[in-house]
Structures are given as C-alpha cells and as structure tokens.
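Text of input.tsv, listed as TSV, C-alpha atoms:
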chain	number	residue	atom	x	y	z
A	42	MET	CA	-98.97	14.05	65.60
A	43	THR	CA	-101.15	14.89	62.63
A	44	ASP	CA	-100.85	18.04	60.51
A	45	LYS	CA	-104.51	19.00	60.76
A	46	PRO	CA	-105.59	21.54	63.39
A	47	ASP	CA	-108.20	20.22	65.81
A	48	THR	CA	-110.16	23.39	66.53
A	49	ILE	CA	-109.89	27.15	66.50
A	50	SER	CA	-111.21	29.21	69.38
A	51	GLY	CA	-112.08	32.88	69.07
A	52	THR	CA	-114.77	34.59	67.05
A	53	GLY	CA	-113.93	35.83	63.61
A	54	ARG	CA	-110.24	36.36	64.29
A	55	ILE	CA	-107.94	33.72	65.71
A	56	THR	CA	-106.76	34.06	69.30
A	57	THR	CA	-105.66	30.46	69.71
A	58	VAL	CA	-105.09	27.57	67.35
A	59	ARG	CA	-104.99	23.90	68.28
A	60	ARG	CA	-102.96	21.06	66.86
A	61	ASP	CA	-103.86	17.74	68.43
A	62	SER	CA	-103.47	18.24	72.20
A	63	LEU	CA	-101.52	21.49	71.95
A	64	THR	CA	-102.97	24.99	72.09
A	65	PHE	CA	-101.00	27.93	70.70
A	66	ASP	CA	-101.50	31.60	71.50
A	67	VAL	CA	-101.78	33.72	68.36
A	68	TYR	CA	-101.75	37.52	68.23
A	69	ASP	CA	-103.96	38.47	65.30
A	70	ASP	CA	-103.87	42.12	64.25
A	71	GLY	CA	-104.20	44.43	61.29
A	72	PRO	CA	-106.93	44.61	58.65
A	73	ALA	CA	-109.11	41.50	58.83
A	74	ASP	CA	-109.23	41.29	55.03
A	75	GLY	CA	-105.52	41.92	54.52
A	76	GLU	CA	-103.09	39.39	53.11
A	77	VAL	CA	-101.79	37.25	55.95
A	78	VAL	CA	-98.22	37.57	57.23
A	79	VAL	CA	-97.17	34.86	59.70
A	80	LEU	CA	-94.54	36.13	62.17
A	81	LEU	CA	-92.27	33.56	63.84
A	82	HIS	CA	-90.14	34.60	66.83
A	83	GLY	CA	-86.71	33.37	67.86
A	84	PHE	CA	-84.89	32.38	71.07
A	85	PRO	CA	-85.21	33.57	73.78
A	86	GLU	CA	-88.20	35.62	72.63
A	87	ARG	CA	-91.92	35.37	72.07
A	88	ALA	CA	-94.46	36.92	69.71
A	89	SER	CA	-93.96	40.25	71.48
A	90	SER	CA	-90.62	40.59	69.67
A	91	TRP	CA	-92.65	41.74	66.63
A	92	ARG	CA	-94.33	44.59	68.53
A	93	LEU	CA	-92.42	47.32	66.67
A	94	VAL	CA	-92.58	45.71	63.22
A	95	ALA	CA	-96.18	44.48	63.01
A	96	PRO	CA	-97.86	47.93	63.20
A	97	GLN	CA	-95.94	49.04	60.13
A	98	LEU	CA	-97.24	46.02	58.22
A	99	HIS	CA	-100.77	46.81	59.39
A	100	ASP	CA	-100.43	50.39	58.11
A	101	ALA	CA	-99.56	48.91	54.71
A	102	GLY	CA	-102.75	46.83	54.71
A	103	TYR	CA	-101.44	43.46	55.90
A	104	ARG	CA	-102.88	41.23	58.60
A	105	THR	CA	-100.31	39.67	60.94
A	106	LEU	CA	-100.47	36.42	62.90
A	107	ALA	CA	-97.69	36.33	65.50
A	108	ILE	CA	-97.63	32.97	67.24
A	109	ASP	CA	-96.05	31.93	70.52
A	110	GLN	CA	-94.50	28.75	69.21
A	111	ARG	CA	-94.07	25.28	70.68
A	112	GLY	CA	-92.45	25.37	74.10
A	113	TYR	CA	-93.44	29.02	74.55
A	114	SER	CA	-97.26	28.95	74.52
A	115	ARG	CA	-98.46	27.74	77.90
A	116	GLY	CA	-100.73	25.19	76.27
A	117	ALA	CA	-98.00	23.81	73.99
A	118	ARG	CA	-95.08	22.68	76.14
A	119	PRO	CA	-94.48	18.96	75.54
A	120	LYS	CA	-91.74	17.31	77.61
A	121	ARG	CA	-89.94	15.01	75.17
A	122	ARG	CA	-86.90	16.15	73.20
A	123	ARG	CA	-88.24	14.58	70.02
A	124	ASP	CA	-91.35	16.77	70.21
A	125	TYR	CA	-89.20	19.75	69.19
A	126	ARG	CA	-87.95	18.42	65.85
A	127	ILE	CA	-88.21	20.78	62.89
A	128	GLU	CA	-90.92	18.69	61.28
A	129	GLU	CA	-93.14	19.27	64.33
A	130	LEU	CA	-92.39	23.00	64.41
A	131	VAL	CA	-93.23	23.29	60.71
A	132	ALA	CA	-96.45	21.32	61.19
A	133	ASP	CA	-97.48	23.73	63.97
A	134	VAL	CA	-97.14	26.65	61.57
A	135	MET	CA	-99.06	24.82	58.87
A	136	ALA	CA	-101.91	24.22	61.35
A	137	LEU	CA	-102.04	27.99	61.81
A	138	VAL	CA	-101.91	28.59	58.05
A	139	ASP	CA	-104.74	26.12	57.42
A	140	ALA	CA	-106.81	27.74	60.16
A	141	ALA	CA	-106.23	31.23	58.81
A	142	VAL	CA	-106.56	30.82	55.03
A	143	GLY	CA	-107.86	27.29	54.46
A	144	PRO	CA	-106.11	24.18	53.13
A	145	GLU	CA	-105.17	25.76	49.81
A	146	GLY	CA	-104.51	29.39	50.78
A	147	ARG	CA	-101.12	31.06	50.80
A	148	VAL	CA	-99.43	33.33	53.32
A	149	HIS	CA	-96.29	35.41	53.62
A	150	VAL	CA	-93.86	33.98	56.19
A	151	VAL	CA	-91.38	36.01	58.24
A	152	GLY	CA	-89.09	34.46	60.85
A	153	HIS	CA	-86.27	35.67	63.07
A	154	ASP	CA	-83.51	33.52	64.58
A	155	TRP	CA	-85.04	30.07	65.32
A	156	GLY	CA	-88.23	31.40	63.75
A	157	ALA	CA	-86.23	31.82	60.54
A	158	VAL	CA	-85.20	28.17	60.71
A	159	VAL	CA	-88.86	27.19	60.91
A	160	ALA	CA	-89.73	29.64	58.14
A	161	TRP	CA	-87.12	28.05	55.87
A	162	GLY	CA	-88.64	24.65	56.68
A	163	VAL	CA	-92.14	25.84	55.80
A	164	ALA	CA	-90.91	27.23	52.47
A	165	GLN	CA	-88.93	24.06	51.74
A	166	GLN	CA	-91.73	21.63	52.50
A	167	HIS	CA	-94.79	23.67	51.50
A	168	PRO	CA	-93.77	26.04	48.69
A	169	ASP	CA	-97.30	26.06	47.29
A	170	ARG	CA	-98.56	27.61	50.54
A	171	VAL	CA	-95.91	30.35	50.83
A	172	ALA	CA	-96.22	33.54	48.79
A	173	THR	CA	-92.95	35.02	50.08
A	174	LEU	CA	-90.30	34.27	52.68
A	175	THR	CA	-88.37	36.83	54.72
A	176	ALA	CA	-85.72	35.23	56.92
A	177	VAL	CA	-84.16	37.47	59.55
A	178	SER	CA	-80.62	36.85	60.83
A	179	VAL	CA	-80.47	33.12	60.04
A	180	PRO	CA	-79.81	31.85	56.48
A	181	HIS	CA	-80.87	28.62	54.79
A	182	PRO	CA	-79.91	25.61	56.97
A	183	MET	CA	-77.41	24.32	54.41
A	184	SER	CA	-75.71	27.69	54.16
A	185	PHE	CA	-75.40	27.76	57.94
A	186	VAL	CA	-74.09	24.18	58.16
A	187	THR	CA	-71.64	24.69	55.29
A	188	ALA	CA	-70.31	27.80	57.01
A	189	MET	CA	-69.30	25.62	59.96
A	190	ALA	CA	-66.59	24.07	57.77
A	191	ARG	CA	-65.71	27.09	55.61
A	192	SER	CA	-65.61	29.92	58.10
A	193	GLY	CA	-65.47	30.68	61.80
A	194	GLN	CA	-69.17	29.93	62.26
A	195	VAL	CA	-68.49	26.95	64.51
A	196	LEU	CA	-66.86	29.28	67.05
A	197	LYS	CA	-69.93	31.52	67.02
A	198	SER	CA	-72.23	28.53	67.57
A	199	TRP	CA	-70.56	27.08	70.69
A	200	TYR	CA	-73.72	27.62	72.74
A	201	MET	CA	-75.66	25.09	70.62
A	202	LEU	CA	-73.44	22.36	72.03
A	203	ALA	CA	-73.60	23.80	75.54
A	204	PHE	CA	-77.41	23.71	75.44
A	205	GLN	CA	-77.32	19.93	74.94
A	206	VAL	CA	-76.23	19.47	78.57
A	207	PRO	CA	-79.24	18.62	80.79
A	208	MET	CA	-80.29	21.09	83.49
A	209	ILE	CA	-77.20	23.33	83.48
A	210	PRO	CA	-78.52	25.79	80.84
A	211	GLU	CA	-81.78	26.09	82.80
A	212	LEU	CA	-79.82	27.00	85.90
A	213	VAL	CA	-77.57	29.50	84.11
A	214	VAL	CA	-80.18	31.22	81.93
A	215	GLY	CA	-82.64	31.13	84.81
A	216	ARG	CA	-80.38	33.44	86.78
A	217	LEU	CA	-80.42	36.52	84.60
A	218	GLY	CA	-78.29	39.33	85.97
A	219	LYS	CA	-75.32	36.98	86.21
A	220	ALA	CA	-73.52	34.98	83.50
A	221	SER	CA	-76.49	34.62	81.18
A	222	ASP	CA	-77.43	38.29	81.52
A	223	ARG	CA	-73.90	39.33	80.57
A	224	GLN	CA	-73.85	36.94	77.61
A	225	LEU	CA	-77.15	38.23	76.20
A	226	ALA	CA	-76.07	41.82	76.80
A	227	ALA	CA	-72.81	41.10	74.95
A	228	SER	CA	-74.87	39.89	72.00
A	229	GLY	CA	-76.49	43.32	71.83
A	230	MET	CA	-79.71	42.70	73.76
A	231	THR	CA	-81.00	45.82	75.52
A	232	ARG	CA	-82.00	46.10	79.18
A	233	GLU	CA	-85.66	46.24	78.14
A	234	ASP	CA	-85.40	42.99	76.23
A	235	LEU	CA	-83.37	41.34	79.00
A	236	ASP	CA	-86.25	42.15	81.33
A	237	ARG	CA	-88.65	40.58	78.81
A	238	VAL	CA	-86.57	37.39	78.75
A	239	GLN	CA	-86.83	37.21	82.53
A	240	ARG	CA	-90.57	37.85	82.50
A	241	GLU	CA	-91.72	36.00	79.36
A	242	ILE	CA	-89.27	33.09	79.28
A	243	VAL	CA	-87.87	32.40	82.73
A	244	ASP	CA	-90.68	33.49	85.05
A	245	ASP	CA	-93.40	32.11	82.76
A	246	GLY	CA	-91.80	28.66	82.64
A	247	ALA	CA	-91.01	28.66	78.91
A	248	LEU	CA	-87.26	28.05	79.22
A	249	PRO	CA	-87.23	24.20	79.19
A	250	GLY	CA	-89.37	24.10	76.05
A	251	ALA	CA	-87.32	26.83	74.40
A	252	LEU	CA	-84.15	24.84	75.01
A	253	GLY	CA	-85.90	21.78	73.61
A	254	TRP	CA	-85.45	23.25	70.12
A	255	TYR	CA	-81.67	22.98	70.51
A	256	ARG	CA	-81.80	19.57	72.16
A	257	ALA	CA	-83.82	18.14	69.27
A	258	LEU	CA	-81.19	19.16	66.70
A	259	PRO	CA	-79.55	15.69	66.58
A	260	LEU	CA	-82.97	14.16	65.85
A	261	ASN	CA	-83.78	16.21	62.75
A	262	LYS	CA	-83.66	14.69	59.26
A	263	PRO	CA	-80.55	15.87	57.36
A	264	ARG	CA	-82.20	15.34	53.97
A	265	ASP	CA	-84.90	17.87	54.77
A	266	MET	CA	-82.43	20.72	55.25
A	267	ARG	CA	-80.92	20.13	51.79
A	268	LEU	CA	-84.06	21.19	49.93
A	269	LYS	CA	-83.64	24.43	48.01
A	270	VAL	CA	-86.25	27.17	48.31
A	271	SER	CA	-88.20	28.24	45.23
A	272	VAL	CA	-90.39	31.03	46.66
A	273	PRO	CA	-89.45	34.75	46.46
A	274	THR	CA	-87.04	35.20	49.37
A	275	THR	CA	-85.23	37.92	51.29
A	276	LEU	CA	-82.55	37.39	53.94
A	277	VAL	CA	-82.09	40.31	56.33
A	278	TRP	CA	-78.73	40.02	58.10
A	279	SER	CA	-76.83	42.49	60.28
A	280	ASP	CA	-73.07	42.93	60.37
A	281	GLY	CA	-73.14	43.24	64.18
A	282	ASP	CA	-74.53	39.72	64.60
A	283	ILE	CA	-72.27	37.69	66.90
A	284	ALA	CA	-74.22	34.46	66.30
A	285	VAL	CA	-74.31	34.30	62.49
A	286	GLY	CA	-71.25	35.12	60.40
A	287	ARG	CA	-70.87	36.83	57.05
A	288	TRP	CA	-69.99	33.73	55.01
A	289	SER	CA	-73.35	32.04	55.46
A	290	ALA	CA	-75.21	35.28	54.69
A	291	GLU	CA	-73.24	36.08	51.54
A	292	ASN	CA	-73.45	32.51	50.22
A	293	ASN	CA	-77.08	31.96	51.08
A	294	HIS	CA	-78.19	32.54	47.48
A	295	ARG	CA	-76.80	29.11	46.54
A	296	TRP	CA	-79.80	27.46	48.21
A	297	VAL	CA	-82.52	29.73	46.81
A	298	GLU	CA	-83.85	29.12	43.32
A	299	GLY	CA	-86.56	31.81	43.33
A	300	PRO	CA	-86.15	35.61	43.26
A	301	TYR	CA	-83.72	36.51	46.02
A	302	ARG	CA	-82.32	39.52	47.85
A	303	LEU	CA	-79.82	39.94	50.69
A	304	VAL	CA	-80.38	43.02	52.85
A	305	GLU	CA	-77.42	43.83	55.09
A	306	LEU	CA	-78.00	46.18	58.02
A	307	LYS	CA	-74.96	48.09	59.22
A	308	GLY	CA	-74.15	48.44	62.90
A	309	VAL	CA	-77.12	46.37	64.11
A	310	SER	CA	-76.89	43.40	66.48
A	311	HIS	CA	-78.60	40.03	66.14
A	312	TRP	CA	-81.83	41.42	67.63
A	313	ILE	CA	-83.06	43.07	64.44
A	314	PRO	CA	-86.86	43.09	65.08
A	315	THR	CA	-86.51	45.27	68.19
A	316	GLN	CA	-83.37	47.24	67.30
A	317	ALA	CA	-83.97	48.03	63.62
A	318	PRO	CA	-87.76	47.66	63.22
A	319	ASP	CA	-88.11	50.39	60.58
A	320	GLU	CA	-85.38	48.95	58.34
A	321	LEU	CA	-86.75	45.44	58.81
A	322	ALA	CA	-90.32	46.50	58.06
A	323	GLU	CA	-89.10	48.20	54.88
A	324	ALA	CA	-87.31	45.02	53.75
A	325	ILE	CA	-90.35	42.87	54.56
A	326	LEU	CA	-92.74	45.19	52.72
A	327	ASP	CA	-90.42	45.27	49.71
A	328	ARG	CA	-90.57	41.48	49.57
A	329	LEU	CA	-94.32	41.30	50.25
A	330	GLY	CA	-94.90	43.66	47.36
A	331	SER	CA	-93.12	41.27	45.01
A	332	ALA	CA	-95.87	38.65	45.27
A	333	SER	CA	-99.51	38.47	46.29
A	334	THR	CA	-101.42	35.68	47.98
A	335	ARG	CA	-104.35	36.66	45.77
A	336	SER	CA	-102.60	36.30	42.43
Show this structure as structure tokens.
Amino acid sequence: MTDKPDTISGTGRITTVRRDSLTFDVYDDGPADGEVVVLLHGFPERASSWRLVAPQLHDAGYRTLAIDQRGYSRGARPKRRRDYRIEELVADVMALVDAAVGPEGRVHVVGHDWGAVVAWGVAQQHPDRVATLTAVSVPHPMSFVTAMARSGQVLKSWYMLAFQVPMIPELVVGRLGKASDRQLAASGMTREDLDRVQREIVDDGALPGALGWYRALPLNKPRDMRLKVSVPTTLVWSDGDIAVGRWSAENNHRWVEGPYRLVELKGVSHWIPTQAPDELAEAILDRLGSASTRS
C-alpha cells in the first residue's frame, strides 16, 4: 500500500479519509483554525474513548481529529494478518496528517494503549511531522520489550500470546458478560465502557480487525522499534494499570532524546481517557504548550 491518501470526502472539515482502498472515519471537532491534535484510540475502544478529553482541548483552542483506526472503521477492515503491521498503522495516520495539514505540516499526536504504540511509531519514523507526542499508558516499544526481561511485565502481557490463537479470542470476547466481561472489569473498565465494547466492537463487527493488531506482532520489523524519539514527549501512566508495569514507565526516558516528562496518575486504572479525563487533558495541554505547529 502507498503512503499517499487517495481522496478526502467532506466539505471543509474531514469526515472520512482514504488510503488506497480503505476508508477511515474521522471525528473532526474544535476550532477549524486551531493547531491539529490527532487522537489515536486503543483496544478494545474507538474514537469515542476521547469524548471526555477532546472538549477540553477544543476549549483551549485546539482542533482534534479522532480516527477510528484500521480494523475499527467499517471501511477499513482488511482480512490478512500482515495488513495490521505497525508500518501500515503508521501510514494510515500519516495519510490523515497529509490530508489535514498538507505534506509538510506538523501535528500534535496523542495515543492511548495500542494508539500509543502507533503514536510512538509516527514520532519515530516522521519526527519532522510531529510537533509533540503524548503517549498514554504505553511507553516506548523498547522500554516495554526490555521490561519483559527485567520486571514482571511478561506476566502482565499474557493476553498478547493468547490472542494469537485463531478464533478462540473472538468467541470469548464476543460473549461479554462472561469471562471476557469479568477480565475487562478486573482491569478497571466501567459498566458504561463495557457496554461500549459490546456495541462498538463486538456488535459492529470490529473485533476480528482489532485482534489483527496483536496477531501481526510477529511480522513487525524489530529494527523500527529501536529508534529513539526526538520530539517533545510526555508519557502519562497510572499506578493502577494492570497491563503496563512501573519499570517500563520509569525507564522510558532512556528512549527519548527530546524534552521529556513522565506524569504518574495515582489510583487510576489503565483506562485513563475515560476515568481521568481532566488530569489527562491537563497533561496533554501542558505538552502542547511546549511546542507549536506554527513555529
């Protein structure tokens, strides 16, 4: 697939963006002339996970583009495992960036969970296009991988291996209210967000594509994850996160060469955008204020 977007539909403000044969839904809000903040959701979530954070960015004068990513947008659900490699996910975001600000413009990038992984990839591979990076919950890929050997992170990440099994995860996650429901609830997800998973992921048919991100992990290029990040960066991590341990958060600075800050939220679960939106918005705005796309 090429990196250039085919077309943009919508008048004036983007509602969808195309990349080759795929069409992505984009929720464009805030001041039309504001600096652009790209919001990347995690698993198992969609762009709606930013519903409590985005308005606070709008009030500060920023324009947000929250995209339903590959596997989630109805028009962007390829079947092959290889279609969900990081390089493809990054290229999807860059198609959106090009459509929004042109081939030389810069944006602020914010990502949670898997969206943070993609955000790190965008900053690694396209630092000239990224004004700032705010990663939520998930640190730099090398910090995460290194933590597997130096801490108990491997025990927290057991599900990544489980998701490699064909069909079984679809059957388990597709029956919320049973084992999967209990597991997500144990991670801190609220009843409201569990209902959203059922409606937006399971009922809407997004689950196979969402799991494709995990199943493509063995196909990613190891050398790409080793790149350090040079853009101004903030990692927002919560001490109640059962998926990402403290070691990788506290050692994340080793893979960031630009200005860096770690923001630790106390007593908050992994689901920071919906459970601590005010604190997250404050951390994002603090980082956005450190650099301008118009400088």
Within 9 Å of stretch 153-166 of chain A using only C-alpha atoms, minus same-chain residues under 3 positions, as a PyMOL selection string: chain A and resi 80-84+110+127-128+130-132+134-135+150+169-171+173-182+254+265-272+311-314
Any chance you can output those residues with C-alpha atoms as a compact mmCIF listing (two decimals), in the frame of the given file?
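Below you can see part_31.txt, which holds the result:
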# COMPACT_ATOMS: atom_id res chain seq x y z
CA LEU A 80 -94.54 36.13 62.17
CA LEU A 81 -92.27 33.56 63.84
CA HIS A 82 -90.14 34.60 66.83
CA GLY A 83 -86.71 33.37 67.86
CA PHE A 84 -84.89 32.38 71.07
CA GLN A 110 -94.50 28.75 69.21
CA ILE A 127 -88.21 20.78 62.89
CA GLU A 128 -90.92 18.69 61.28
CA LEU A 130 -92.39 23.00 64.41
CA VAL A 131 -93.23 23.29 60.71
CA ALA A 132 -96.45 21.32 61.19
CA VAL A 134 -97.14 26.65 61.57
CA MET A 135 -99.06 24.82 58.87
CA VAL A 150 -93.86 33.98 56.19
CA ASP A 169 -97.30 26.06 47.29
CA ARG A 170 -98.56 27.61 50.54
CA VAL A 171 -95.91 30.35 50.83
CA THR A 173 -92.95 35.02 50.08
CA LEU A 174 -90.30 34.27 52.68
CA THR A 175 -88.37 36.83 54.72
CA ALA A 176 -85.72 35.23 56.92
CA VAL A 177 -84.16 37.47 59.55
CA SER A 178 -80.62 36.85 60.83
CA VAL A 179 -80.47 33.12 60.04
CA PRO A 180 -79.81 31.85 56.48
CA HIS A 181 -80.87 28.62 54.79
CA PRO A 182 -79.91 25.61 56.97
CA TRP A 254 -85.45 23.25 70.12
CA ASP A 265 -84.90 17.87 54.77
CA MET A 266 -82.43 20.72 55.25
CA ARG A 267 -80.92 20.13 51.79
CA LEU A 268 -84.06 21.19 49.93
CA LYS A 269 -83.64 24.43 48.01
CA VAL A 270 -86.25 27.17 48.31
CA SER A 271 -88.20 28.24 45.23
CA VAL A 272 -90.39 31.03 46.66
CA HIS A 311 -78.60 40.03 66.14
CA TRP A 312 -81.83 41.42 67.63
CA ILE A 313 -83.06 43.07 64.44
CA PRO A 314 -86.86 43.09 65.08
So, with all atoms listed in the file as the atoms that count, which of A:Glu76, A:Glu145, A:Asp282, A:Glu298 lies closest to A:Arg104? A:Glu76
Rank A:Leu306, A:Leu106, A:Val138, A:Ala290 by their smallest atom-to-atom distance to A:Ser192, using all atoms listed in the file, and report the top residue only. A:Ala290
Wanna dump the stretch 215-268 of chain A-stretch 315-334 of chain A contacts at 9 Å for me, each residue with its shortest atom pair and the distance in Å to one decimal, counting all atoms listed in the file, ordered by chain and number, as a Markdown table?
| residue | atom | partner | partner_atom | distance |
| --- | --- | --- | --- | --- |
| A:Met230 | CA | A:Gln316 | CA | 8.7 |
| A:Thr231 | CA | A:Gln316 | CA | 8.7 |
| A:Asp234 | CA | A:Thr315 | CA | 8.4 |
Next, write the just-selected residues to a file, as a PDB file, keeping the file's coordinate frame, keeping C-alpha atoms as the atom set.
ATOM      1  CA  MET A 230     -79.710  42.700  73.760  1.00  0.00           C
ATOM      2  CA  THR A 231     -81.000  45.820  75.520  1.00  0.00           C
ATOM      3  CA  ASP A 234     -85.400  42.990  76.230  1.00  0.00           C
TER       4      ASP A 234
END
For stretch 75-162 of chain A against stretch 236-240 of chain A, with a cut-off of 12 Å and counting only C-alpha atoms, what is the closest atom pair and its distance in Å to one decimal for every residue that makes the cut, ordered by chain and number, as JSON lines?
{"residue": "A:Gly83", "atom": "CA", "partner": "A:Val238", "partner_atom": "CA", "distance": 11.6}
{"residue": "A:Phe84", "atom": "CA", "partner": "A:Val238", "partner_atom": "CA", "distance": 9.3}
{"residue": "A:Pro85", "atom": "CA", "partner": "A:Val238", "partner_atom": "CA", "distance": 6.4}
{"residue": "A:Glu86", "atom": "CA", "partner": "A:Val238", "partner_atom": "CA", "distance": 6.6}
{"residue": "A:Arg87", "atom": "CA", "partner": "A:Val238", "partner_atom": "CA", "distance": 8.8}
{"residue": "A:Ala88", "atom": "CA", "partner": "A:Arg237", "partner_atom": "CA", "distance": 11.4}
{"residue": "A:Ser89", "atom": "CA", "partner": "A:Arg237", "partner_atom": "CA", "distance": 9.1}
{"residue": "A:Ser90", "atom": "CA", "partner": "A:Arg237", "partner_atom": "CA", "distance": 9.3}
{"residue": "A:Tyr113", "atom": "CA", "partner": "A:Val238", "partner_atom": "CA", "distance": 11.6}
Would you mind putting N, CA, C and O atoms back on stretch 284-301 of chain A and writing the result as a compact mmCIF listing (two decimals), keeping the file's coordinate frame?
# COMPACT_ATOMS: atom_id res chain seq x y z
N ALA A 284 -73.83 35.87 66.38
CA ALA A 284 -74.22 34.46 66.30
C ALA A 284 -74.15 33.90 64.89
O ALA A 284 -73.97 32.69 64.72
N VAL A 285 -74.29 34.75 63.89
CA VAL A 285 -74.31 34.30 62.49
C VAL A 285 -73.30 35.12 61.70
O VAL A 285 -73.40 36.35 61.61
N GLY A 286 -72.32 34.44 61.12
CA GLY A 286 -71.25 35.12 60.40
C GLY A 286 -71.58 35.51 58.98
O GLY A 286 -72.59 35.11 58.41
N ARG A 287 -70.68 36.29 58.39
CA ARG A 287 -70.87 36.83 57.05
C ARG A 287 -70.90 35.76 55.96
O ARG A 287 -71.66 35.87 55.00
N TRP A 288 -70.08 34.72 56.09
CA TRP A 288 -69.99 33.73 55.01
C TRP A 288 -71.35 33.14 54.69
O TRP A 288 -71.74 33.05 53.52
N SER A 289 -72.07 32.71 55.71
CA SER A 289 -73.35 32.04 55.46
C SER A 289 -74.37 33.01 54.87
O SER A 289 -75.22 32.61 54.06
N ALA A 290 -74.29 34.29 55.25
CA ALA A 290 -75.21 35.28 54.69
C ALA A 290 -74.90 35.54 53.22
O ALA A 290 -75.80 35.56 52.37
N GLU A 291 -73.62 35.73 52.91
CA GLU A 291 -73.24 36.08 51.54
C GLU A 291 -73.36 34.91 50.58
O GLU A 291 -73.48 35.12 49.37
N ASN A 292 -73.34 33.69 51.09
CA ASN A 292 -73.45 32.51 50.22
C ASN A 292 -74.82 31.87 50.26
O ASN A 292 -75.04 30.81 49.65
N ASN A 293 -75.74 32.52 50.92
CA ASN A 293 -77.08 31.96 51.08
C ASN A 293 -77.81 31.76 49.75
O ASN A 293 -78.65 30.87 49.61
N HIS A 294 -77.50 32.60 48.77
CA HIS A 294 -78.19 32.54 47.48
C HIS A 294 -78.05 31.18 46.80
O HIS A 294 -78.86 30.82 45.93
N ARG A 295 -77.04 30.41 47.17
CA ARG A 295 -76.80 29.11 46.54
C ARG A 295 -77.94 28.13 46.79
O ARG A 295 -78.10 27.16 46.05
N TRP A 296 -78.73 28.39 47.84
CA TRP A 296 -79.80 27.46 48.21
C TRP A 296 -81.20 28.05 47.96
O TRP A 296 -82.18 27.53 48.44
N VAL A 297 -81.24 29.12 47.17
CA VAL A 297 -82.52 29.73 46.81
C VAL A 297 -82.62 29.78 45.29
O VAL A 297 -81.77 30.37 44.62
N GLU A 298 -83.67 29.16 44.77
CA GLU A 298 -83.85 29.12 43.32
C GLU A 298 -84.81 30.20 42.83
O GLU A 298 -84.82 30.52 41.64
N GLY A 299 -85.63 30.75 43.71
CA GLY A 299 -86.56 31.81 43.33
C GLY A 299 -85.91 33.17 43.40
O GLY A 299 -84.72 33.30 43.69
N PRO A 300 -86.67 34.24 43.13
CA PRO A 300 -86.15 35.61 43.26
C PRO A 300 -85.58 35.81 44.67
O PRO A 300 -86.19 35.39 45.66
N TYR A 301 -84.42 36.45 44.75
CA TYR A 301 -83.72 36.51 46.02
C TYR A 301 -83.03 37.86 46.22
O TYR A 301 -82.53 38.47 45.27
